[in-house]
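Report on the following structure.
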Amino acid sequence: MIINHPLLGPRDAAEFIYLGDACLIDRPDWEAEDAAEKFHEYGYIRDNIAGKMQELWYHEQGDRSWLVVTRDTITHEITDVEMARDVARARGRSK
Amino acid sequence: MRYSALRILKEGLTGNKGWKPVWREPEPKAEYDVIIIGGGGHGLATAYYLAKEHGITNVAVLEKGWIGSGNVGRNTTIIRSNYLLPGNEPFYELSLKLWEGLEQDFNYNAMVSQRSILNLLHSDAQRDAFIRRGNAMFLAGADAEYATAEQLRAELPFLDYDNARFPIKGGLFQRRGGTVRHDAVAWGYARGADSRGVDIIQNCEVTGFDIENGVCRGVQTSRGSIRAKKVAMCVAGSSSRVAATAGMRLPIESHVLQAFVTEGLKPVIPGVITFGAGHFYVSQSDKGGLVFGGDLDGYNSYAQRGNLPVIEDVAEGGMAIMPIIGRARLLRSWGGIMDMSMDGSPYIDKTHIDGLYFNGGWCYGGFKATPGSGWCYAHLIAKDAPHPVAAEMRLDRFKRGHIIDEKGQGNQPNLH
């Protein structure tokens with residue numbers, strides 16, 4: 001698979017480390033009433049999508065940036081690559 | 001029809017006209033006592049033991065494709081019980097004991113071959129870890145045997161003991177481990193279940209569940225709705241997809257694992273051998289092909305195929321311990337979809353919906369577990385209580401803090 005890095009251009013997926021579903025950006029609020037329940041879901045429960053999925057890849061053999069890659073888990077086709085920081089900021093993280 | 005040497009002789013002399021199909025092709029009935037979703041090794045084993053051990057014969061096995069078309073036909077056929085943790089090891093040892101009596105039990109030649117498994121070790125720290133593992137195996141009644149490098153040199157002279165980076169310092173044998181003819185396992189269980197009255201219904205995809213007031217009453221399928229008192233999921237590889245139709249989210253990610261076979265060679269590798277410093281395991285099939293595998297590709301996938309970097313990695317692992325295979329030509333490679341759980345261990349459990357049961361999360365250790373999984377799942381379904389050796393394999397163990405993490409990797413499924 002080739003990941004089209006937003007800054008570096010097309011790179012071999014072997015340069016990257018795979019973390020998992022991009023829902024891991026949305027860390028729960030540790031002060032919330034239901035924090036224990038939410039962290040259980042965050043840590044252990046996954047949608048495990050068959051089809052287009054947003055996922056976190058880390059460019060370890062490159063510029064060490066985190067990317068959000070939109071990839072189809074049935075065909076392995078990659079349709080979108082964004083910087084994870086841009087996605088996280090758009091979701092209200094690290095204002 | 002009972003298979004025996006006498007039967008083969010009789011059929012041979014009469015033109016082999018007496019052989020009959022070994023299971024029926026029934027139409028689904030309107031209602032069953034138990035529906036098992038998934039006609040793979042585990043589902044068929046569950047049906048077999050439900051009928052044989054618990055007398056529950058009004059059972060249907062619903063299979064989307066043809067039986068044995070999933071991971072029971074895509075694995076590297078290894079059986080073993082060399083686990084460490086108390087939540088796992090007694091279960092896998094039960095499974096290995098069932099393998100040992102399986103062919104007599106279901107009167108089918110599954111070619112169970114206890115040709116041994118050897119885990120190579122490459123450092124002093126790994127020696128300590130493997131001896132600890134061997135002791136844990138003894139505690140569960142399994143066999144284990146530590147071998148020094150000198151002993152191994154005499155028994156397996158073709159290994160690269162003096163590899164500069166990963167010298168072989170010894171190994172842990174389980175002599176009772178080995179290989180099995182994988183497809184025959186599905187066929188043998190199917191035949192045994194069918195002959196006891198179980199309906200095996202192929203080309204029947206489950207598309208939804210009939211859940212009324214928190215109780216599962218049946219399933220919707222591509223061949224109409226079928227009612228059941230109990231419904232048991234057994235669809236490792238597709239667990240999340242099937243469970244989603246019941247509104248459930250699972251502690252599972254689906255990953256692709258590749259396997260490989262070479263052209264047929266003369267007998268060279270006597271048992272199963274695994275590399276301790278990388279991920280590579282190999283055995284030689286009775287036809288002569290070297291059957292081997294390695295790591296997951298590492299990303300979520302439902303495609304039954306992987307990518308080239310992992311093939312290269314696996315080949316390098318093989319060359320690091322046995323350079324003799326360097327000239328062998330690769331005949332085929334293929335991929336299977338693994339239910340990777342959050343701690344590397346499986347689930348055999350009830351769900352929060354009454355009458356709905358779950359079996360999955362086998363990571364890439366499902367094949368060896370087939371008899372034990374069927375045995376324990378049948379016990380759970382029949383008695384509504386977990387079998388003692390599978391009592392830890394619960395879906396809620398992360399919430400309770402009772403994870404079974406053999407490798408100590410944490411909740412990162414692609415590392416287990």
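By order in the structure tokens, chains are A, B, ...; within a chain, residues start at 1; ligands start at 1, following the order shown.
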
Query - Neighbours of chain B in chain A at 6 Å, counting only C-alpha atoms, as number ranges by chain - result: A: 44-46, 48, 73-74

Query raised in the report: Quick one: DSSP strand (DSSP E) residues in stretch 108-154 of chain B, as a list of chain:residue names?
Result: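 Of stretch 108-154 of chain B, only B:Ile117, B:Leu118, B:Asn119, B:Leu120, B:Leu121, B:Glu145, B:Tyr146, B:Ala147, B:Thr148 fall in strand (DSSP E).
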
Requested in this report: Could you tell me which of B:Ala369, B:Met340, B:Val219, B:Leu415 comes closest to B:Tyr92 if we count only C-alpha atoms?
Outcome: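 Nearest to B:Tyr92: B:Ala369.
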
Query - A:Met1 surroundings by only C-alpha atoms, 9 Å radius, close-in-sequence under 3 positions cut, as number ranges by chain - result: A: 11-14, 76-78; B: 307

Report task. Could you give me the residues within stretch 108-221 of chain B that DSSP places in alpha helix (DSSP H), as a PyMOL selection string? Result -> chain B and resi 124-139+149-155+182-195

Query - Spatial neighbours of A:Tyr42, max dist 9 Å, only C-alpha atoms, sep filter under 5 positions, as a PyMOL selection string - result: chain A and resi 23-24+26-28+37

Using only C-alpha atoms, I'd like a table of the residues in stretch 58-82 of chain B that come within 9 Å of stretch 162-186 of chain B; for each, show the closest atom pair and its distance in Å rounded to one decimal, ordered by chain and ascending number, as a tab-separated table.
```
residue	atom	partner	partner_atom	distance
B:Ile67	CA	B:Ala186	CA	7.2
B:Gly68	CA	B:Ala186	CA	5.6
B:Val72	CA	B:His182	CA	6.1
B:Gly73	CA	B:Asp183	CA	5.7
B:Arg74	CA	B:His182	CA	8.4
B:Asn75	CA	B:His182	CA	7.7
B:Thr76	CA	B:Thr179	CA	8.2
B:Thr77	CA	B:Thr179	CA	5.3
B:Ile78	CA	B:Thr179	CA	4.5
B:Ile79	CA	B:Gly178	CA	5.3
B:Arg80	CA	B:Gly177	CA	4.3
B:Ser81	CA	B:Gly177	CA	7.2
B:Asn82	CA	B:Gln174	CA	7.1
```

Query raised in the report: Taking into account only C-alpha atoms, which residue in the set A:Asp29, A:Asp63, A:Asp72, A:Asp34 is nearest to A:Ala50?
Result: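 Ranking A:Asp29, A:Asp63, A:Asp72, A:Asp34 by distance to A:Ala50, first place goes to A:Asp72.
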
Query raised in the report: Which neighbours of B:Gly374 fall inside 10 Å, counting only C-alpha atoms, when residues of the same chain fewer than 2 positions from it are skipped, and could you give them as a list in words?
Result: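 Residues meeting the cut-off are Gly41, His42, Gly43, Leu44, Ala45, Thr46, Ala47, Tyr48, Tyr49, Leu50, Ser95, Tyr189, Cys234, Ile348, Asn359, Ala369, Thr370, Pro371, Gly372, Cys376, Tyr377, Ala378, His379 and Leu380 of chain B.
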
**Report entry** A:Glu82, A:Glu60, A:Asp47, A:Glu41 ranked by distance to A:Asp21, top pick (using only C-alpha atoms)
**Finding:**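 Of A:Glu82, A:Glu60, A:Asp47, A:Glu41, the one nearest A:Asp21 is A:Asp47, counting only C-alpha atoms.
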
Query raised in the report: Could you name the residues that touch B:Val235 at 7 Å or less, counting only C-alpha atoms, but leaving out those on the same chain fewer than 2 positions away, as a PyMOL selection string?
Result: chain B and resi 37-38+233+237-239+360

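Between A:Leu8 and the candidates A:Gly62, A:Gly51, A:Gly92, A:Gly43, the tightest atom-to-atom separation, counting only C-alpha atoms, involves A:Gly62.
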
Query raised in the report: Nearest to B:Ala382: which of B:Val231, B:Ala129, B:Leu13, B:Ala5 is it, counting only C-alpha atoms?
Result: B:Val231

**Report entry** Point-to-point distance in Å for atom CA of B:Asp210 and atom CA of B:Ala236
**Finding:** 21.1 Å

**Report entry** Point-to-point distance from atom CA of B:Val256 to atom CA of B:Ser333, Å rounded to tenths
**Finding:** 12.4 Å

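The shortest atom-to-atom distance to A:Tyr18, with only C-alpha atoms taken into account, belongs to B:Leu296 out of B:Gly264, B:Ile353, B:Arg217, B:Leu296.
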
Query raised in the report: Quick one: distance from atom CA of B:Lys29 to atom CA of B:His352 in Å, one decimal?
Result: 26.8 Å

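By chain and then residue number, the residues within 12 Å of B:Asp286 are Thr77, Met111, Val112, Ser113, Arg115, Thr179, Val180, Arg181, Gly264, Leu265, Lys266, Pro267, Val268, Ile269, Pro270, Gly271, Leu290 and Val291 of chain B, counting only C-alpha atoms and disregarding those fewer than 4 positions away in sequence.
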